[in-house]
$ cat upload.cif   # mmCIF, N, CA and C atoms
data_model
loop_
_atom_site.label_atom_id
_atom_site.label_comp_id
_atom_site.auth_asym_id
_atom_site.auth_seq_id
_atom_site.Cartn_x
_atom_site.Cartn_y
_atom_site.Cartn_z
N MET A 272 15.25 -6.17 22.06
CA MET A 272 14.60 -6.25 20.76
C MET A 272 13.62 -7.43 20.77
N PRO A 273 12.42 -7.21 20.22
CA PRO A 273 11.44 -8.30 20.20
C PRO A 273 11.90 -9.46 19.33
N THR A 274 11.42 -10.63 19.65
CA THR A 274 11.74 -11.82 18.87
C THR A 274 11.14 -11.70 17.47
N SER A 275 11.91 -12.06 16.47
CA SER A 275 11.44 -12.03 15.08
C SER A 275 11.30 -13.44 14.56
N ARG A 276 10.38 -13.61 13.64
CA ARG A 276 10.19 -14.89 12.95
C ARG A 276 10.37 -14.64 11.46
N ASN A 277 10.88 -15.60 10.77
CA ASN A 277 11.07 -15.48 9.33
C ASN A 277 9.88 -16.06 8.58
N ILE A 278 9.60 -15.45 7.43
CA ILE A 278 8.58 -15.94 6.51
C ILE A 278 9.27 -16.10 5.16
N THR A 279 9.10 -17.24 4.53
CA THR A 279 9.66 -17.46 3.21
C THR A 279 8.52 -17.47 2.20
N VAL A 280 8.68 -16.70 1.14
CA VAL A 280 7.64 -16.61 0.11
C VAL A 280 8.29 -16.89 -1.23
N ALA A 281 7.71 -17.78 -2.00
CA ALA A 281 8.18 -18.07 -3.35
C ALA A 281 7.36 -17.26 -4.35
N VAL A 282 8.05 -16.51 -5.22
CA VAL A 282 7.37 -15.69 -6.22
C VAL A 282 8.02 -15.93 -7.58
N SER A 283 7.32 -15.51 -8.61
CA SER A 283 7.85 -15.66 -9.96
C SER A 283 9.05 -14.71 -10.14
N PRO A 284 9.91 -15.01 -11.10
CA PRO A 284 11.05 -14.12 -11.35
C PRO A 284 10.61 -12.68 -11.68
N GLU A 285 9.54 -12.53 -12.43
CA GLU A 285 9.07 -11.19 -12.77
C GLU A 285 8.58 -10.44 -11.53
N LEU A 286 7.83 -11.10 -10.66
CA LEU A 286 7.36 -10.45 -9.43
C LEU A 286 8.55 -10.10 -8.54
N TYR A 287 9.55 -10.97 -8.51
CA TYR A 287 10.76 -10.70 -7.74
C TYR A 287 11.44 -9.42 -8.25
N ARG A 288 11.63 -9.32 -9.58
CA ARG A 288 12.27 -8.13 -10.16
C ARG A 288 11.44 -6.89 -9.90
N GLN A 289 10.13 -6.99 -10.04
CA GLN A 289 9.24 -5.85 -9.81
C GLN A 289 9.33 -5.39 -8.36
N THR A 290 9.35 -6.33 -7.43
CA THR A 290 9.43 -5.99 -6.01
C THR A 290 10.76 -5.32 -5.70
N ARG A 291 11.84 -5.83 -6.23
CA ARG A 291 13.15 -5.22 -6.01
C ARG A 291 13.19 -3.80 -6.57
N ARG A 292 12.57 -3.61 -7.75
CA ARG A 292 12.54 -2.29 -8.38
C ARG A 292 11.76 -1.30 -7.52
N ILE A 293 10.60 -1.72 -7.02
CA ILE A 293 9.78 -0.84 -6.18
C ILE A 293 10.52 -0.49 -4.89
N ALA A 294 11.13 -1.48 -4.27
CA ALA A 294 11.88 -1.22 -3.04
C ALA A 294 13.02 -0.24 -3.30
N ALA A 295 13.70 -0.38 -4.42
CA ALA A 295 14.79 0.53 -4.76
C ALA A 295 14.27 1.95 -4.97
N GLU A 296 13.10 2.08 -5.59
CA GLU A 296 12.51 3.41 -5.80
C GLU A 296 12.28 4.13 -4.48
N TYR A 297 11.92 3.38 -3.45
CA TYR A 297 11.66 3.96 -2.14
C TYR A 297 12.88 3.88 -1.22
N ASP A 298 14.02 3.44 -1.77
CA ASP A 298 15.26 3.34 -1.03
C ASP A 298 15.08 2.57 0.28
N MET A 299 14.47 1.41 0.17
CA MET A 299 14.27 0.56 1.34
C MET A 299 14.49 -0.89 0.97
N PRO A 300 14.89 -1.68 1.94
CA PRO A 300 15.04 -3.12 1.68
C PRO A 300 13.69 -3.78 1.43
N VAL A 301 13.70 -4.83 0.63
CA VAL A 301 12.45 -5.57 0.36
C VAL A 301 11.83 -6.05 1.67
N THR A 302 12.66 -6.49 2.60
CA THR A 302 12.15 -6.98 3.89
C THR A 302 11.35 -5.90 4.61
N GLU A 303 11.86 -4.68 4.61
CA GLU A 303 11.15 -3.58 5.28
C GLU A 303 9.84 -3.27 4.58
N MET A 304 9.84 -3.30 3.26
CA MET A 304 8.63 -3.04 2.49
C MET A 304 7.58 -4.12 2.77
N VAL A 305 7.98 -5.37 2.77
CA VAL A 305 7.05 -6.47 3.04
C VAL A 305 6.55 -6.40 4.48
N ARG A 306 7.43 -6.05 5.42
CA ARG A 306 7.02 -5.91 6.82
C ARG A 306 5.92 -4.85 6.94
N PHE A 307 6.11 -3.71 6.25
CA PHE A 307 5.10 -2.65 6.27
C PHE A 307 3.77 -3.17 5.70
N LEU A 308 3.84 -3.86 4.57
CA LEU A 308 2.61 -4.37 3.95
C LEU A 308 1.90 -5.35 4.88
N LEU A 309 2.65 -6.20 5.56
CA LEU A 309 2.04 -7.14 6.50
C LEU A 309 1.43 -6.42 7.70
N LEU A 310 2.03 -5.31 8.10
CA LEU A 310 1.48 -4.54 9.22
C LEU A 310 0.15 -3.88 8.86
N VAL A 311 0.03 -3.39 7.62
CA VAL A 311 -1.21 -2.70 7.23
C VAL A 311 -2.26 -3.66 6.69
N LEU A 312 -1.89 -4.91 6.44
CA LEU A 312 -2.81 -5.89 5.86
C LEU A 312 -4.10 -6.06 6.67
N PRO A 313 -4.06 -6.23 7.99
CA PRO A 313 -5.32 -6.41 8.73
C PRO A 313 -6.30 -5.24 8.53
N GLY A 314 -5.80 -4.02 8.58
CA GLY A 314 -6.67 -2.87 8.36
C GLY A 314 -7.22 -2.81 6.95
N ALA A 315 -6.37 -3.16 5.97
CA ALA A 315 -6.82 -3.16 4.57
C ALA A 315 -7.90 -4.21 4.36
N LEU A 316 -7.72 -5.38 4.95
CA LEU A 316 -8.75 -6.43 4.82
C LEU A 316 -10.05 -6.00 5.49
N LYS A 317 -9.95 -5.36 6.64
CA LYS A 317 -11.15 -4.88 7.33
C LYS A 317 -11.89 -3.86 6.47
N ASP A 318 -11.14 -2.92 5.87
CA ASP A 318 -11.74 -1.91 5.02
C ASP A 318 -12.32 -2.49 3.73
N ALA A 319 -11.79 -3.64 3.30
CA ALA A 319 -12.20 -4.24 2.03
C ALA A 319 -13.42 -5.13 2.16
N ARG A 320 -13.94 -5.30 3.34
CA ARG A 320 -15.09 -6.20 3.52
C ARG A 320 -16.41 -5.45 3.31
N PHE A 321 -17.39 -6.16 2.83
CA PHE A 321 -18.73 -5.61 2.70
C PHE A 321 -19.65 -6.51 3.50
N PRO A 322 -20.95 -6.16 3.64
CA PRO A 322 -21.81 -6.92 4.54
C PRO A 322 -21.80 -8.43 4.34
N GLY A 323 -21.55 -8.93 3.15
CA GLY A 323 -21.52 -10.36 2.92
C GLY A 323 -20.26 -11.02 3.45
N GLY A 324 -19.27 -10.23 3.86
CA GLY A 324 -18.07 -10.76 4.45
C GLY A 324 -16.94 -11.06 3.49
N ARG A 325 -17.17 -10.89 2.19
CA ARG A 325 -16.12 -11.17 1.22
C ARG A 325 -15.29 -9.91 0.97
N PRO A 326 -14.01 -10.09 0.67
CA PRO A 326 -13.19 -8.93 0.35
C PRO A 326 -13.67 -8.25 -0.93
N GLN A 327 -13.73 -6.95 -0.90
CA GLN A 327 -14.07 -6.14 -2.07
C GLN A 327 -12.97 -5.09 -2.24
N PHE A 328 -11.82 -5.52 -2.74
CA PHE A 328 -10.66 -4.65 -2.79
C PHE A 328 -10.89 -3.43 -3.68
N ALA A 329 -11.57 -3.59 -4.80
CA ALA A 329 -11.80 -2.46 -5.68
C ALA A 329 -12.64 -1.40 -4.99
N ALA A 330 -13.67 -1.82 -4.26
CA ALA A 330 -14.52 -0.86 -3.55
C ALA A 330 -13.74 -0.16 -2.44
N ALA A 331 -12.90 -0.90 -1.73
CA ALA A 331 -12.10 -0.30 -0.66
C ALA A 331 -11.09 0.69 -1.23
N MET A 332 -10.48 0.35 -2.35
CA MET A 332 -9.53 1.26 -2.98
C MET A 332 -10.22 2.53 -3.44
N ALA A 333 -11.41 2.40 -3.99
CA ALA A 333 -12.16 3.57 -4.43
C ALA A 333 -12.51 4.46 -3.25
N ARG A 334 -12.92 3.84 -2.12
CA ARG A 334 -13.24 4.63 -0.91
C ARG A 334 -12.00 5.36 -0.41
N ARG A 335 -10.87 4.68 -0.36
CA ARG A 335 -9.64 5.31 0.11
C ARG A 335 -9.22 6.44 -0.84
N HIS A 336 -9.35 6.21 -2.14
CA HIS A 336 -8.99 7.24 -3.11
C HIS A 336 -9.88 8.46 -2.94
N GLN A 337 -11.18 8.24 -2.76
CA GLN A 337 -12.11 9.34 -2.58
C GLN A 337 -11.80 10.10 -1.29
N THR A 338 -11.49 9.39 -0.22
CA THR A 338 -11.14 10.02 1.05
C THR A 338 -9.86 10.82 0.90
N ALA A 339 -8.90 10.27 0.21
CA ALA A 339 -7.62 10.96 0.01
C ALA A 339 -7.82 12.23 -0.82
N LYS A 340 -8.69 12.18 -1.82
CA LYS A 340 -8.94 13.36 -2.65
C LYS A 340 -9.58 14.48 -1.83
N THR A 341 -10.52 14.13 -0.97
CA THR A 341 -11.22 15.17 -0.22
C THR A 341 -10.41 15.71 0.93
N SER A 342 -9.45 14.93 1.44
CA SER A 342 -8.67 15.40 2.59
C SER A 342 -7.26 15.84 2.20
N ALA A 343 -6.92 15.76 0.92
CA ALA A 343 -5.57 16.10 0.49
C ALA A 343 -5.35 17.61 0.58
N TYR A 344 -4.15 18.00 0.98
CA TYR A 344 -3.76 19.40 1.05
C TYR A 344 -3.55 19.92 -0.35
N THR A 345 -4.15 21.05 -0.66
CA THR A 345 -3.96 21.67 -1.96
C THR A 345 -3.36 23.06 -1.74
N PRO A 346 -2.13 23.28 -2.17
CA PRO A 346 -1.53 24.60 -1.98
C PRO A 346 -2.28 25.65 -2.77
N THR A 347 -2.33 26.87 -2.25
CA THR A 347 -3.07 27.94 -2.92
C THR A 347 -2.35 28.43 -4.16
N ASN A 348 -1.04 28.32 -4.20
CA ASN A 348 -0.27 28.79 -5.35
C ASN A 348 0.36 27.61 -6.09
N SER A 349 -0.44 26.70 -6.54
CA SER A 349 0.10 25.55 -7.25
C SER A 349 0.54 25.98 -8.65
N PRO A 350 1.51 25.28 -9.23
CA PRO A 350 2.00 25.63 -10.58
C PRO A 350 0.89 25.61 -11.62
N GLN A 351 -0.09 24.72 -11.47
CA GLN A 351 -1.16 24.64 -12.45
C GLN A 351 -2.05 25.88 -12.41
N GLU A 352 -2.27 26.44 -11.22
CA GLU A 352 -3.10 27.64 -11.10
C GLU A 352 -2.45 28.86 -11.67
N SER A 353 -1.11 28.92 -11.65
CA SER A 353 -0.42 30.12 -12.10
C SER A 353 -0.25 30.16 -13.62
N GLN A 354 -0.63 29.09 -14.32
CA GLN A 354 -0.48 29.07 -15.79
C GLN A 354 -1.69 29.63 -16.48
#
$ encode --input "upload.cif" --output "structure tokens"
Amino acid sequence: MPTSRNITVAVSPELYRQTRRIAAEYDMPVTEMVRFLLLVLPGALKDARFPGGRPQFAAAMARRHQTAKTSAYTPTNSPQESQ
């Protein structure tokens, strides 16, 4: 097993509760959820940059949302179509 390092993060009580709630919704430990977020962070930061080099998270989120809409699978017999 690869060597692991610990990271300690201090958050507000509300953020702590929110994070625990989200992790519970996905039936995963907070540590696993944070590990996943840290793994995807470099790619998200790269996608969020614009020519000036500053992060543009709203623009990156809009691009990802647009890409997801155009590439999302749409079943031919969806419940909305049959109504």
$ atom_distance --input "upload.cif" --atom1 "atom CA of A:Arg320" --atom2 "atom N of A:Met332"
9.9 Å
$ atom_distance --input "upload.cif" --atom1 "atom CA of A:Arg335" --atom2 "atom CA of A:Leu316"
12.7 Å
$ axis_aligned_box --input "upload.cif" --around "stretch 304-314 of chain A" --padding-each-side "3 Å" --output "lines of an AutoDock Vina configuration file"
center_x = 1.3
center_y = -4.9
center_z = 5.9
size_x = 23.1
size_y = 10.5
size_z = 12.7
$ atom_distance --input "upload.cif" --atom1 "atom C of A:Arg292" --atom2 "atom C of A:Lys317"
27.6 Å
$ closest_residue --input "upload.cif" --among "A:Arg334, A:Ser283, A:Ala294, A:Arg288" --to "A:Arg306" --atoms "only C-alpha atoms"
A:Ala294
